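*Asks:* I am sharing input23.csv, which consists of CSV, C-alpha atoms:
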```
chain,number,residue,atom,x,y,z
A,19,MET,CA,21.0,28.0,1.8
A,20,THR,CA,24.7,28.1,2.5
A,21,GLU,CA,26.9,29.5,-0.2
A,22,PRO,CA,28.4,26.9,-2.6
A,23,ALA,CA,31.6,25.1,-1.6
A,24,ARG,CA,34.8,26.2,-3.3
A,25,THR,CA,36.4,23.8,-5.6
A,26,ILE,CA,39.8,23.6,-7.3
A,27,VAL,CA,40.3,21.4,-10.3
A,28,ASN,CA,43.6,21.0,-12.2
A,29,VAL,CA,43.3,19.8,-15.8
A,30,PRO,CA,45.9,20.4,-18.5
A,31,ALA,CA,44.5,23.0,-21.0
A,32,GLN,CA,45.8,21.0,-23.9
A,33,ALA,CA,47.1,17.5,-24.6
A,34,LYS,CA,48.0,15.1,-27.4
A,35,ARG,CA,45.4,12.5,-28.4
A,36,GLY,CA,46.0,9.4,-26.4
A,37,GLU,CA,48.2,11.1,-23.8
A,38,VAL,CA,47.6,10.1,-20.2
A,39,ILE,CA,46.8,13.3,-18.2
A,40,GLU,CA,46.8,13.8,-14.5
A,41,ILE,CA,43.8,15.5,-12.9
A,42,ARG,CA,43.5,16.9,-9.4
A,43,ALA,CA,40.3,17.9,-7.7
A,44,VAL,CA,39.7,19.4,-4.3
A,45,VAL,CA,36.5,20.5,-2.7
A,46,GLN,CA,36.1,22.7,0.4
A,47,HIS,CA,34.5,20.6,3.1
A,48,ALA,CA,35.2,20.0,6.8
A,49,MET,CA,34.6,16.2,6.5
A,50,GLU,CA,33.3,16.0,10.0
A,51,SER,CA,34.1,12.4,10.9
A,52,GLY,CA,31.4,11.9,13.6
A,53,TYR,CA,34.0,10.9,16.2
A,54,ARG,CA,35.0,14.3,17.4
A,55,ARG,CA,33.5,16.0,20.5
A,56,THR,CA,32.9,19.6,21.5
A,57,GLU,CA,34.6,21.0,24.6
A,58,LEU,CA,31.5,20.1,26.5
A,59,GLY,CA,31.9,16.5,25.4
A,60,GLU,CA,29.0,16.3,22.9
A,61,LEU,CA,29.6,14.3,19.9
A,62,ILE,CA,29.7,16.4,16.7
A,63,PRO,CA,27.5,14.6,14.1
A,64,ARG,CA,28.9,13.2,11.0
A,65,ASP,CA,28.8,15.4,7.9
A,66,ILE,CA,31.0,14.2,5.0
A,67,VAL,CA,31.2,14.2,1.2
A,68,ARG,CA,30.3,10.7,0.1
A,69,ILE,CA,30.7,10.6,-3.7
A,70,PHE,CA,33.0,12.2,-6.2
A,71,ARG,CA,32.5,11.7,-9.9
A,72,CYS,CA,34.3,12.9,-13.0
A,73,THR,CA,32.8,12.8,-16.5
A,74,TYR,CA,34.6,13.5,-19.7
A,75,ASN,CA,32.2,14.6,-22.4
A,76,ASN,CA,29.4,13.0,-20.4
A,77,VAL,CA,31.1,9.7,-20.0
A,78,GLU,CA,32.1,8.7,-16.5
A,79,VAL,CA,35.9,8.2,-16.3
A,80,PHE,CA,36.4,8.1,-12.5
A,81,ARG,CA,34.3,7.7,-9.5
A,82,ALA,CA,35.2,7.6,-5.8
A,83,GLU,CA,33.5,6.9,-2.5
A,84,PHE,CA,34.7,8.9,0.5
A,85,HIS,CA,34.5,7.5,4.0
A,86,PRO,CA,34.8,9.5,7.3
A,87,ALA,CA,38.6,8.8,7.2
A,88,MET,CA,39.1,11.1,4.3
A,89,ALA,CA,40.8,14.3,5.4
A,90,ALA,CA,39.1,17.7,5.4
A,91,ASN,CA,39.0,19.4,2.0
A,92,PRO,CA,39.2,16.1,0.2
A,93,LEU,CA,41.7,15.9,-2.6
A,94,VAL,CA,41.8,13.2,-5.2
A,95,SER,CA,44.2,13.0,-8.1
A,96,PHE,CA,43.8,10.4,-10.9
A,97,THR,CA,44.6,9.9,-14.5
A,98,THR,CA,42.6,9.7,-17.7
A,99,ARG,CA,43.5,9.4,-21.4
A,100,ALA,CA,42.9,12.5,-23.5
A,101,THR,CA,40.6,11.2,-26.2
A,102,GLU,CA,39.0,14.3,-27.7
A,103,SER,CA,38.5,18.0,-27.0
A,104,GLY,CA,35.7,18.8,-24.7
A,105,THR,CA,34.7,19.3,-21.1
A,106,LEU,CA,35.4,17.5,-17.9
A,107,VAL,CA,32.7,17.9,-15.2
A,108,PHE,CA,33.5,17.2,-11.6
A,109,GLU,CA,30.7,16.5,-9.1
A,110,TRP,CA,30.7,16.0,-5.3
A,111,ARG,CA,27.7,14.8,-3.3
A,112,GLY,CA,27.5,14.4,0.5
A,113,ASP,CA,25.4,14.4,3.7
A,114,HIS,CA,22.6,16.9,4.2
A,115,GLY,CA,22.2,17.5,0.5
A,116,PHE,CA,25.7,18.7,0.0
A,117,SER,CA,26.5,19.2,-3.7
A,118,ALA,CA,29.3,20.9,-5.6
A,119,GLN,CA,30.3,21.1,-9.2
A,120,ALA,CA,33.3,22.2,-11.3
A,121,SER,CA,34.3,21.9,-14.9
A,122,ALA,CA,37.3,22.3,-17.0
A,123,SER,CA,37.8,22.2,-20.8
A,124,ILE,CA,40.6,20.5,-22.6
A,125,ARG,CA,41.9,20.9,-26.2
A,126,VAL,CA,43.2,17.7,-27.7
A,127,SER,CA,45.3,17.8,-30.8
B,8,MET,CA,25.0,-9.7,53.1
B,9,LYS,CA,27.8,-7.3,53.4
B,10,THR,CA,29.9,-9.1,50.8
B,11,HIS,CA,26.9,-9.1,48.5
B,12,ILE,CA,26.6,-5.3,48.7
B,13,ASN,CA,30.3,-5.0,48.2
B,14,GLN,CA,30.1,-7.1,45.1
B,15,LYS,CA,27.3,-5.1,43.7
B,16,ARG,CA,29.2,-1.9,44.4
B,17,ARG,CA,32.3,-3.3,42.8
B,18,SER,CA,30.5,-4.3,39.7
B,19,MET,CA,28.8,-1.0,39.5
B,20,LEU,CA,32.2,0.8,39.8
B,21,LEU,CA,33.6,-1.5,37.2
B,22,GLY,CA,30.6,-0.7,34.9
B,23,ALA,CA,31.1,3.1,35.5
B,24,ALA,CA,34.8,2.8,34.8
B,25,SER,CA,34.3,0.9,31.5
B,26,LEU,CA,31.5,3.3,30.5
B,27,SER,CA,33.8,6.3,31.0
B,28,LEU,CA,36.5,4.5,29.0
B,29,LEU,CA,34.0,4.0,26.2
B,30,HIS,CA,33.1,7.6,26.4
B,31,ARG,CA,36.7,8.7,26.0
B,32,LEU,CA,38.0,6.4,23.3
B,33,PRO,CA,36.4,6.5,19.9
B,34,ALA,CA,35.4,3.0,18.9
B,35,GLN,CA,38.4,1.5,17.2
B,36,ALA,CA,38.4,-1.1,14.5
B,37,THR,CA,40.6,-4.1,14.9
B,38,PRO,CA,42.6,-6.1,12.2
B,39,LEU,CA,39.6,-8.4,12.4
B,40,ASP,CA,37.2,-5.6,11.3
B,41,ALA,CA,39.6,-4.8,8.6
B,42,ALA,CA,39.6,-8.4,7.4
B,43,THR,CA,35.8,-8.3,7.4
B,44,ALA,CA,35.8,-5.1,5.4
B,45,MET,CA,38.2,-6.7,2.9
B,46,ARG,CA,36.1,-9.8,2.6
B,47,ALA,CA,33.1,-7.6,1.9
B,48,ILE,CA,35.1,-6.3,-1.1
B,49,SER,CA,36.6,-9.5,-2.4
B,50,GLY,CA,33.6,-11.8,-1.7
B,51,THR,CA,34.5,-15.4,-2.4
B,52,THR,CA,37.6,-14.5,-4.4
B,53,ARG,CA,40.9,-15.3,-2.7
B,54,THR,CA,43.0,-12.2,-2.5
B,55,GLN,CA,46.6,-12.4,-3.7
B,56,ALA,CA,49.5,-10.4,-2.5
B,57,GLY,CA,51.3,-8.2,-5.1
B,58,ARG,CA,50.7,-5.8,-8.0
B,59,VAL,CA,49.4,-3.1,-5.6
B,60,ARG,CA,51.7,-0.5,-4.2
B,61,LEU,CA,50.5,1.8,-1.4
B,62,ASP,CA,52.8,4.7,-0.7
B,63,ILE,CA,52.4,6.5,2.6
B,64,PRO,CA,55.2,8.2,4.5
B,65,PRO,CA,56.4,5.7,7.1
B,66,LEU,CA,56.3,8.4,9.8
B,67,VAL,CA,53.3,10.6,9.9
B,68,GLU,CA,53.4,13.6,12.3
B,69,ASN,CA,49.8,14.6,11.9
B,70,GLY,CA,47.2,11.9,11.4
B,71,ASN,CA,44.7,14.4,10.2
B,72,LEU,CA,46.4,14.8,6.9
B,73,VAL,CA,48.1,11.7,5.4
B,74,VAL,CA,48.9,11.6,1.7
B,75,MET,CA,48.3,8.2,0.3
B,76,ARG,CA,49.2,7.0,-3.2
B,77,VAL,CA,48.0,3.8,-4.7
B,78,SER,CA,49.5,2.4,-7.9
B,79,VAL,CA,48.5,-0.9,-9.5
B,80,GLN,CA,50.5,-2.8,-12.1
B,81,SER,CA,48.1,-3.2,-15.0
B,82,PRO,CA,48.3,-2.7,-18.7
B,83,MET,CA,45.0,-0.8,-18.5
B,84,THR,CA,43.7,-2.1,-21.8
B,85,GLU,CA,40.1,-2.9,-22.8
B,86,SER,CA,40.6,-6.5,-21.9
B,87,ASP,CA,42.8,-6.2,-18.8
B,88,TYR,CA,42.3,-3.3,-16.5
B,89,VAL,CA,41.8,-2.3,-12.8
B,90,LYS,CA,38.1,-2.0,-12.0
B,91,ALA,CA,38.3,-0.7,-8.5
B,92,VAL,CA,40.7,0.3,-5.7
B,93,HIS,CA,39.8,0.2,-2.0
B,94,VAL,CA,41.8,1.4,0.9
B,95,ILE,CA,41.3,-0.1,4.4
B,96,ALA,CA,42.9,1.1,7.7
B,97,GLU,CA,43.2,-1.6,10.4
B,98,ALA,CA,43.0,0.7,13.5
B,99,ASN,CA,40.7,3.5,12.4
B,100,PRO,CA,37.2,3.7,14.0
B,101,LEU,CA,35.9,2.6,10.6
B,102,PRO,CA,38.2,0.5,8.5
B,103,ASN,CA,37.0,1.8,5.1
B,104,VAL,CA,38.9,4.9,3.9
B,105,PHE,CA,38.5,5.4,0.2
B,106,SER,CA,37.2,3.5,-2.8
B,107,ALA,CA,37.7,4.4,-6.5
B,108,TYR,CA,36.1,3.0,-9.6
B,109,LEU,CA,38.0,3.3,-12.9
B,110,GLY,CA,38.4,1.7,-16.2
B,111,PRO,CA,40.7,1.3,-19.2
B,112,ARG,CA,40.3,5.0,-20.0
B,113,ALA,CA,42.3,5.8,-16.9
B,114,GLY,CA,45.5,4.9,-18.9
B,115,ARG,CA,47.3,4.3,-15.6
B,116,ALA,CA,46.0,2.8,-12.4
B,117,GLU,CA,47.4,5.5,-10.1
B,118,MET,CA,45.7,7.8,-7.6
B,119,THR,CA,46.5,10.0,-4.7
B,120,PHE,CA,44.2,11.3,-1.9
B,121,ARG,CA,44.5,12.6,1.7
B,122,ALA,CA,43.2,10.6,4.6
B,123,ARG,CA,43.1,10.5,8.4
B,124,LEU,CA,44.7,7.9,10.6
B,125,ALA,CA,43.7,7.4,14.2
B,126,THR,CA,46.9,5.8,15.3
B,127,THR,CA,50.0,3.8,14.2
B,128,GLN,CA,48.8,1.0,12.1
B,129,ARG,CA,48.9,-1.1,8.9
B,130,VAL,CA,46.9,0.3,5.9
B,131,TRP,CA,45.8,-2.0,3.1
B,132,ALA,CA,45.1,-1.3,-0.6
B,133,LEU,CA,43.0,-3.8,-2.6
B,134,ALA,CA,42.7,-3.7,-6.4
B,135,GLN,CA,39.9,-5.5,-8.2
B,136,MET,CA,40.9,-6.5,-11.8
B,137,SER,CA,38.7,-6.8,-14.8
B,138,ASP,CA,39.2,-10.6,-14.7
B,139,GLY,CA,37.8,-10.7,-11.2
B,140,SER,CA,41.0,-11.3,-9.3
B,141,VAL,CA,41.8,-9.2,-6.2
B,142,TRP,CA,45.3,-8.1,-5.4
B,143,THR,CA,46.6,-6.5,-2.2
B,144,GLY,CA,49.4,-4.4,-0.9
B,145,TYR,CA,50.0,-2.7,2.4
B,146,ALA,CA,52.0,0.0,4.2
B,147,ASP,CA,52.9,0.3,7.9
B,148,VAL,CA,52.6,3.8,9.3
B,149,LEU,CA,53.7,5.3,12.5
B,150,VAL,CA,51.4,8.2,13.6
B,151,THR,CA,52.6,10.7,16.2
B,152,LEU,CA,49.5,12.9,16.4
B,153,ALA,CA,46.3,11.0,16.1
B,154,ALA,CA,43.3,12.1,14.1
B,155,CYS,CA,39.7,11.8,15.3
B,156,THR,CA,40.4,12.7,19.0
B,157,GLU,CA,42.4,15.8,18.4
B,158,SER,CA,41.2,18.9,16.6
B,159,PRO,CA,42.6,19.4,13.1
```
Once you've parsed the file, please lay out its structure as structure tokens.
*Replies:*
Amino acid sequence: MTEPARTIVNVPAQAKRGEVIEIRAVVQHAMESGYRRTELGELIPRDIVRIFRCTYNNVEVFRAEFHPAMAANPLVSFTTRATESGTLVFEWRGDHGFSAQASASIRVS
Amino acid sequence: MKTHINQKRRSMLLGAASLSLLHRLPAQATPLDAATAMRAISGTTRTQAGRVRLDIPPLVENGNLVVMRVSVQSPMTESDYVKAVHVIAEANPLPNVFSAYLGPRAGRAEMTFRARLATTQRVWALAQMSDGSVWTGYADVLVTLAACTESP
């Protein structure tokens, strides 16, 4: 087993109820497009992250599909409304059983 | 007889030449492929121009890392919101780049991500609304260093 991929998530620690907050999430991954070749001319097989999902207290608030045209270490930033205090869970899934998770908590007043 | 052989030889040479070309260039999508990809998203709905803004720097030095930002004009209420956003690149090996699924809880229909562009081209963003309509916007981008063929 390879070691788990590094992730960075950026969620404000606190927010006012109803406020629209910006979230950024990055996962460490080469996003091998399947179009590059080695120096010997052999095609490097595709290996990418396919799905990104964010849940807010177990309710999905954002989901994205990545294609080979996504850059290495895919970053996504999006918005959500701060509804209640709790946890945001971020999940990435990809080729060859790739999986990574991160979470962040938020206090809503 | 001689001409026959010559012809055979010529066609073989031509075949070899085109093969080596294929070998070198990654398969490139065309605006037609992009149109097909967009039709796969919109289905029978006619797309309308407007409401979608795609921000990409007009001049990109490195196609391996292109910051794209999509924002859609929408009140983002329970009854009127953006369901999905799709980004399509006309001249990448595969036209699809990124798809996002959101709802009224997003508050704003805005998102940023980093993509790769194979060459200078037009990039499209499509937004599917809760009422079923599909809106489009685009950005023309000049790429100096292409992704895909060169190492990052």
*Asks:* Residues of chain A within 6 Å of chain B, counting all atoms listed in the file - could you list those as a list in words?
*Replies:* Val38, Tyr53, Arg54, Phe80, Arg81, Ala82, Glu83, Phe84, His85, Ala87, Met88, Ala89, Leu93, Val94, Ser95, Phe96, Thr97, Thr98 and Arg99 of chain A
*Asks:* Could you work out how far CA of Ala98 (chain B) lies from CA of Ala41 (chain B), giving the answer in Å with one decimal?
*Replies:*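 One can read the CA of Ala41 (chain B) to CA of Ala98 (chain B) distance as 8.1 Å.
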*Asks:* Write out as a list in words each polymer residue whose atoms come within 10 Å of Gly139 (chain B), counting all atoms listed in the file; drop sequence neighbours fewer than 4 positions from it.
*Replies:*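 Selected residues are Ser49, Thr52, Val89, Lys90, Ala134 and Gln135 of chain B.
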*Asks:* Save out the residues we just selected, C-alpha atoms, as a tab-separated table (two decimals), in the coordinates of the input.
*Replies:*
```tsv
chain	number	residue	atom	x	y	z
B	49	SER	CA	36.60	-9.50	-2.40
B	52	THR	CA	37.60	-14.50	-4.40
B	89	VAL	CA	41.80	-2.30	-12.80
B	90	LYS	CA	38.10	-2.00	-12.00
B	134	ALA	CA	42.70	-3.70	-6.40
B	135	GLN	CA	39.90	-5.50	-8.20
```
*Asks:* Work out how far CA of Thr127 (chain B) is from CA of Val67 (chain B), in Å to one decimal.
*Replies:*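 Atom-to-atom, CA of Val67 (chain B) to CA of Thr127 (chain B), that is 8.7 Å.
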*Asks:* Could you jot down the CA of Asn76 (chain A) to CA of Ala122 (chain A) separation for me, Å, one decimal place?
*Replies:*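 Those two atoms sit 12.7 Å apart.
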*Asks:* Quick one: everything within 8 Å of Arg35 (chain A), counting all atoms listed in the file, minus sequence neighbours fewer than 4 positions away in the same chain. Send it as a list in words.
*Replies:* Arg99, Ala100, Thr101, Glu102, Val126 and Ser127 of chain A
*Asks:* Between A:Ala48, A:Asn91, A:Phe108, A:Pro63, which is the closest to Ala120 (chain A) once you count all atoms listed in the file?
*Replies:* A:Phe108
*Asks:* When you count all atoms listed in the file, which of these residues is closest to Cys72 (chain A): A:Ile41, A:Gly112, A:Gly59, A:Lys34?
*Replies:*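 Looking only at the distances to Cys72 (chain A), the closest residue turns out to be A:Ile41.
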*Asks:* Please provide as a short mmCIF file (atom, residue, chain, number, x, y, z; two decimals) with C-alpha atoms, in the frame of the given file all residues within 7 Å of Asn69 (chain B), with the sequence filter that same-chain residues fewer than 3 positions apart are discarded (counting only C-alpha atoms).
*Replies:*
```
data_model
loop_
_atom_site.label_atom_id
_atom_site.label_comp_id
_atom_site.auth_asym_id
_atom_site.auth_seq_id
_atom_site.Cartn_x
_atom_site.Cartn_y
_atom_site.Cartn_z
CA LEU B 72 46.40 14.80 6.90
CA VAL B 150 51.40 8.20 13.60
CA THR B 151 52.60 10.70 16.20
CA LEU B 152 49.50 12.90 16.40
CA ALA B 153 46.30 11.00 16.10
#
```
*Asks:* What's around Val79 (chain B) at 6 Å? Count all atoms listed in the file, leave out sequence neighbours fewer than 2 positions away in its own chain, and write the answer as a list in words.
*Replies:*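 That gives Arg58, Val59, Ser81 and Ala116 of chain B.
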*Asks:* Which residue gives the smallest distance to Arg42 (chain A) among A:Gly115, A:Gly104, A:Pro86, A:Pro92, with only C-alpha atoms counted?
*Replies:*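 Going through A:Gly115, A:Gly104, A:Pro86, A:Pro92 one by one, the smallest distance to Arg42 (chain A) is for A:Pro92.
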*Asks:* Can you pull out every residue within 7 Å of Arg125 (chain A), counting all atoms listed in the file, but drop anything in the same chain fewer than 4 positions away, and send it as a ChimeraX atom specification?
*Replies:* /A:31-33,103-104
*Asks:* Between B:Ile48, B:Leu149, B:Met83, B:Leu66, which residue has the minimum interatomic distance to Ala132 (chain B), considering all atoms listed in the file?
*Replies:*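 So, comparing all the options, the nearest one is B:Ile48.
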*Asks:* Let me make sure I understand: among B:Asp87, B:Glu97, B:Glu68, B:Asp40, which one has the smallest atom-to-atom distance to Asp147 (chain B) if we use all atoms listed in the file?
*Replies:*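 Selected residue with least distance to Asp147 (chain B): B:Glu97.
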*Asks:* Is it possible to get the residues within 9 Å of (34.4, 21.9, -14.7) (coordinates as in the file, counting all atoms listed in the file) written as a PyMOL selection string?
*Replies:* chain A and resi 27+105-109+119-123
*Asks:* For the selection just defined, write its residues with C-alpha atoms to a file, as a PDB file, keeping the file's coordinate frame.
*Replies:*
```pdb
ATOM      1  CA  VAL A  27      40.300  21.400 -10.300  1.00  0.00           C
ATOM      2  CA  THR A 105      34.700  19.300 -21.100  1.00  0.00           C
ATOM      3  CA  LEU A 106      35.400  17.500 -17.900  1.00  0.00           C
ATOM      4  CA  VAL A 107      32.700  17.900 -15.200  1.00  0.00           C
ATOM      5  CA  PHE A 108      33.500  17.200 -11.600  1.00  0.00           C
ATOM      6  CA  GLU A 109      30.700  16.500  -9.100  1.00  0.00           C
ATOM      7  CA  GLN A 119      30.300  21.100  -9.200  1.00  0.00           C
ATOM      8  CA  ALA A 120      33.300  22.200 -11.300  1.00  0.00           C
ATOM      9  CA  SER A 121      34.300  21.900 -14.900  1.00  0.00           C
ATOM     10  CA  ALA A 122      37.300  22.300 -17.000  1.00  0.00           C
ATOM     11  CA  SER A 123      37.800  22.200 -20.800  1.00  0.00           C
TER      12      SER A 123
END
```
